[in-house]
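Coordinates from upload-v7.txt are shown below (compact mmCIF, C-alpha atoms).
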# COMPACT_ATOMS: atom_id res chain seq x y z
CA MET A 630 39.62 242.43 112.88
CA ILE A 631 40.38 241.84 109.19
CA SER A 632 42.44 244.41 107.34
CA SER A 633 42.16 244.80 103.55
CA LYS A 634 45.10 245.72 101.35
CA LYS A 635 45.14 246.47 97.64
CA ILE A 636 47.83 244.67 95.63
CA VAL A 637 48.36 245.59 91.96
CA LEU A 638 50.17 243.38 89.45
CA VAL A 639 51.97 245.54 86.87
CA GLY A 640 54.15 244.84 83.85
CA HIS A 641 54.01 244.35 80.10
CA PHE A 642 51.27 242.35 78.39
CA GLY A 643 51.87 238.61 78.34
CA VAL A 644 54.28 238.43 81.29
CA GLY A 645 51.88 236.24 83.27
CA LYS A 646 50.19 238.66 85.68
CA SER A 647 46.83 236.90 85.34
CA SER A 648 48.44 233.48 85.70
CA ILE A 649 50.27 234.56 88.85
CA MET A 650 47.03 235.88 90.38
CA ARG A 651 45.04 232.75 89.47
CA ARG A 652 47.80 230.46 90.78
CA PHE A 653 47.86 232.31 94.11
CA VAL A 654 44.10 232.72 94.61
CA GLN A 655 42.67 229.61 92.91
CA ASP A 656 45.75 227.35 92.61
CA THR A 657 45.08 226.86 88.90
CA PHE A 658 47.00 227.41 85.66
CA SER A 659 45.94 227.48 82.02
CA ASP A 660 48.08 227.67 78.88
CA ASN A 661 45.24 229.52 77.14
CA TYR A 662 46.33 233.14 76.87
CA THR A 663 43.62 235.76 77.17
CA VAL A 664 44.39 239.46 77.22
CA THR A 665 43.22 241.36 80.29
CA ILE A 666 41.22 244.38 79.24
CA GLY A 667 40.94 246.96 82.00
CA VAL A 668 41.24 245.23 85.34
CA HIS A 669 40.38 241.84 86.85
CA ILE A 670 40.07 241.68 90.64
CA LEU A 671 40.23 238.68 92.96
CA LYS A 672 40.70 238.48 96.71
CA LYS A 673 42.25 236.06 99.13
CA GLU A 674 42.35 236.01 102.91
CA ILE A 675 45.65 235.14 104.55
CA VAL A 676 47.18 235.33 108.01
CA ILE A 677 50.50 237.16 108.44
CA GLN A 678 52.12 237.35 111.88
CA GLY A 679 48.76 236.70 113.55
CA LEU A 680 47.00 239.40 111.51
CA ASN A 681 44.02 238.45 109.34
CA LEU A 682 44.58 240.16 106.02
CA THR A 683 42.41 240.29 102.91
CA LEU A 684 44.45 240.88 99.78
CA ILE A 685 42.42 242.59 97.07
CA ILE A 686 44.50 241.71 94.01
CA TRP A 687 44.20 243.84 90.89
CA ASP A 688 45.42 242.31 87.64
CA ILE A 689 45.58 245.28 85.29
CA GLU A 690 46.05 245.29 81.54
CA GLY A 691 49.66 245.12 80.47
CA LYS A 692 51.39 248.26 79.25
CA ASP A 693 54.87 248.73 77.85
CA ASP A 694 55.17 251.94 79.87
CA ILE A 695 53.97 252.17 83.48
CA GLN A 696 53.13 255.84 82.94
CA LYS A 697 50.41 254.78 80.44
CA VAL A 698 48.50 252.87 83.13
CA ARG A 699 45.34 254.60 84.34
CA ASN A 700 46.13 256.45 87.54
CA SER A 701 42.81 255.29 89.01
CA TYR A 702 44.04 251.67 88.85
CA LEU A 703 47.06 252.53 90.96
CA LEU A 704 45.58 254.86 93.59
CA GLY A 705 45.32 253.44 97.09
CA THR A 706 47.73 250.59 96.40
CA SER A 707 49.45 249.05 99.41
CA GLY A 708 51.74 246.88 97.31
CA PHE A 709 52.88 246.39 93.74
CA ILE A 710 54.10 243.20 92.14
CA TYR A 711 56.16 244.12 89.10
CA VAL A 712 56.28 241.14 86.72
CA ILE A 713 58.81 240.50 83.96
CA ASP A 714 59.14 237.70 81.41
CA PRO A 715 62.70 236.35 81.08
CA THR A 716 61.97 235.18 77.53
CA ARG A 717 61.23 238.74 76.31
CA VAL A 718 63.93 241.36 76.96
CA GLN A 719 61.55 244.23 76.18
CA THR A 720 59.60 243.38 79.37
CA PHE A 721 62.56 244.38 81.54
CA GLU A 722 64.55 246.88 79.45
CA ARG A 723 63.10 249.81 81.41
CA PHE A 724 62.78 247.93 84.71
CA ASN A 725 64.81 250.31 86.90
CA GLN A 726 63.06 253.42 85.53
CA GLU A 727 59.63 251.87 86.06
CA ILE A 728 60.44 250.82 89.63
CA ASP A 729 61.68 254.38 90.28
CA PHE A 730 58.41 255.75 88.86
CA LEU A 731 56.41 253.61 91.31
CA LYS A 732 58.61 254.60 94.25
CA ILE A 733 58.31 258.32 93.47
CA ASN A 734 54.59 258.39 92.69
CA TYR A 735 53.40 255.83 95.29
CA PRO A 736 55.93 256.26 98.11
CA THR A 737 53.93 254.39 100.76
CA ALA A 738 53.38 251.30 98.60
CA LYS A 739 55.70 248.33 98.92
CA ILE A 740 57.16 246.89 95.71
CA VAL A 741 58.20 243.33 94.98
CA SER A 742 59.55 242.21 91.61
CA VAL A 743 59.22 238.79 90.04
CA ALA A 744 60.56 237.06 86.96
CA ASN A 745 57.78 234.69 85.92
CA LYS A 746 58.14 231.73 83.52
CA MET A 747 61.41 230.60 85.08
CA ASP A 748 60.44 227.03 84.19
CA VAL A 749 61.37 227.74 80.54
CA VAL A 750 64.77 229.45 80.91
CA ASP A 751 68.19 228.72 82.36
CA GLN A 752 68.15 230.53 85.69
CA LEU A 753 71.93 231.05 85.88
CA GLU A 754 72.09 232.52 82.37
CA PHE A 755 69.14 234.79 83.06
CA LYS A 756 70.68 236.02 86.32
CA LYS A 757 73.84 236.91 84.36
CA ILE A 758 71.76 239.03 81.97
CA LEU A 759 70.08 240.80 84.88
CA SER A 760 73.44 241.43 86.53
CA GLN A 761 74.82 242.98 83.33
CA LYS A 762 71.78 245.27 83.17
CA MET A 763 72.06 246.05 86.92
CA ILE A 764 68.56 244.72 87.58
CA SER A 765 67.69 243.24 90.94
CA ILE A 766 64.71 240.84 91.01
CA ASP A 767 63.18 239.67 94.30
CA TYR A 768 61.65 236.37 93.11
CA PHE A 769 62.22 233.89 90.32
CA ALA A 770 58.93 232.09 89.90
CA SER A 771 56.65 230.08 87.67
CA ALA A 772 52.90 230.46 87.67
CA LYS A 773 52.77 227.25 85.64
CA THR A 774 54.50 225.10 88.29
CA GLY A 775 53.50 227.29 91.24
CA ASN A 776 57.15 227.68 92.26
CA GLU A 777 57.63 230.71 94.57
CA ILE A 778 54.15 232.18 93.94
CA GLU A 779 52.93 231.70 97.52
CA ASN A 780 56.23 233.03 98.90
CA LEU A 781 56.00 236.10 96.68
CA PHE A 782 52.60 237.13 98.09
CA GLN A 783 53.53 236.20 101.66
CA TYR A 784 56.66 238.35 101.46
CA LEU A 785 54.76 241.34 100.07
CA ALA A 786 52.05 240.94 102.71
CA MET A 787 54.74 240.84 105.42
CA LYS A 788 56.30 244.06 104.07
CA ILE A 789 52.87 245.73 104.07
CA THR A 790 51.94 244.62 107.60
CA GLN A 791 55.15 246.03 109.01
CA ASP A 792 53.51 249.44 108.47
CA VAL A 793 50.16 248.47 110.06
This structure in structure tokens:
Amino acid sequence: MISSKKIVLVGHFGVGKSSIMRRFVQDTFSDNYTVTIGVHILKKEIVIQGLNLTLIIWDIEGKDDIQKVRNSYLLGTSGFIYVIDPTRVQTFERFNQEIDFLKINYPTAKIVSVANKMDVVDQLEFKKILSQKMISIDYFASAKTGNEIENLFQYLAMKITQDV
């Protein structure tokens, strides 16, 4: 039996949500930036702990406030991937409040955070900034190089299947 789970990528515009999804599902990357309007959906079948799982991945348009996202995009979500861009502080200034919003309003959904574009910043310096702001990020990744993208989705899928 194959189980389907909805995964939603959230975060500001331009953080790389679409690139992360394309890297995971199609193993491709493009430097051409196109704004997501509304939602773009792809799916990928994986196996986690012997369970066949179809991830229905929603790449929604970026918003600078999670509360401005259409509720219909978020309903029924099994897991969120909250994406930040280490080159733009405004994408993680309200990180803790936005994670709290997701936890309160979608209590059954699992949440994983990722700093994308780590190929263009000094990881140690960036981790110092996060520490000063008391921000805890799960993954430091790059959709461009593919670094940690597979692990990010595998980890979220594992967290989700622990409830199955």
Around all the atoms of segment 706-716 of chain A listed in the file, with 8 Å of room on each side, what axis-aligned box do you get, giving centre and edge lengths in Å to one decimal, as JSON?
{"center_x": 55.2, "center_y": 242.9, "center_z": 88.5, "size_x": 31.0, "size_y": 31.4, "size_z": 37.9}
Inset, instruction - Tell me, as an MDAnalysis selection string, which residues lie within 8 Å of Ser647 of chain A, counting only C-alpha atoms; anything in the same chain fewer than 2 positions away does not count. - result: chainID A and resid 645 649:651 665 688
Legend entry - Pick from A:Lys756, A:Lys746, A:Lys634, A:Arg699, whichever lies nearest to Asn681 of chain A using all atoms listed in the file: A:Lys634
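Between Ile675 of chain A and the residues A:Phe642, A:Tyr702, A:Phe653, A:Phe658, the shortest atom-to-atom distance, using only C-alpha atoms, involves A:Phe653.
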Legend entry - atom CA of Met787 of chain A to atom CA of Gly640 of chain A, straight-line distance in Å: 21.9 Å
Legend entry - Counting all atoms listed in the file, the option among A:Val637, A:Ile789, A:Leu703, A:Leu731 closest to Ile685 of chain A: A:Val637
Inset, instruction - Using atom CA of Val644 of chain A and atom CA of Asn745 of chain A as the two end points, give the distance in Å to one decimal. - result: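 It comes out at 6.9 Å.
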Legend entry - Counting all atoms listed in the file, the residue of A:Met747, A:Ile728, A:Met763, A:Leu682 that sits nearest Phe709 of chain A: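 Among the listed residues, A:Ile728 lies closest to Phe709 of chain A.
Distances from A:Ile689, A:Ile710, A:Val718, A:Val668 to Lys762 of chain A were compared using all atoms listed in the file, and the smallest one belongs to A:Val718.
Proximity ranking of A:Thr790, A:Gln752, A:Thr706, A:Thr657 relative to Lys732 of chain A places A:Thr706 first, based on all atoms listed in the file.
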Inset, instruction - Provide the atom CA of Ile764 of chain A to atom CA of Ser648 of chain A distance in Å, to one decimal place. - result: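 Value for the atom CA of Ile764 of chain A-atom CA of Ser648 of chain A distance: 23.1 Å.
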Inset, instruction - Dump as a list in words all residues having an atom at most 12 Å from (67.8, 249.9, 77.7), computed in the file's coordinates with all atoms listed in the file. - result: Val718, Gln719, Thr720, Phe721, Glu722, Arg723, Phe724, Asn725, Gln726, Glu727, Leu759, Gln761, Lys762, Met763 and Ile764 of chain A
Legend entry - Polymer residues at most 10 Å from Ile778 of chain A, all atoms listed in the file, same-chain spacing of 3 or more positions, as a list in words: Ile649, Met650, Arg652, Phe653, Asp656, Val743, Asn745, Tyr768, Phe769, Ala770, Ser771, Ala772, Lys773, Thr774, Gly775, Leu781, Phe782 and Gln783 of chain A
Filtering to C-alpha atoms, could you give me those residues as a tab-separated table (two decimals), keeping the file's coordinate frame?
chain	number	residue	atom	x	y	z
A	649	ILE	CA	50.27	234.56	88.85
A	650	MET	CA	47.03	235.88	90.38
A	652	ARG	CA	47.80	230.46	90.78
A	653	PHE	CA	47.86	232.31	94.11
A	656	ASP	CA	45.75	227.35	92.61
A	743	VAL	CA	59.22	238.79	90.04
A	745	ASN	CA	57.78	234.69	85.92
A	768	TYR	CA	61.65	236.37	93.11
A	769	PHE	CA	62.22	233.89	90.32
A	770	ALA	CA	58.93	232.09	89.90
A	771	SER	CA	56.65	230.08	87.67
A	772	ALA	CA	52.90	230.46	87.67
A	773	LYS	CA	52.77	227.25	85.64
A	774	THR	CA	54.50	225.10	88.29
A	775	GLY	CA	53.50	227.29	91.24
A	781	LEU	CA	56.00	236.10	96.68
A	782	PHE	CA	52.60	237.13	98.09
A	783	GLN	CA	53.53	236.20	101.66
Inset, instruction - For Thr737 of chain A, work out the shell of residues within 8 Å, counting all atoms listed in the file and skipping chain neighbours fewer than 2 positions away, then give it as a list in words. - result: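 Listed by chain and then number, they are Ser707, Tyr735 and Lys739 of chain A.
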Inset, instruction - Compile the contact shell of Phe755 of chain A as a ChimeraX atom specification: residues with an atom at most 9 Å away, counting only C-alpha atoms, same-chain residues fewer than 5 positions apart removed. - result: /A:715,750,760
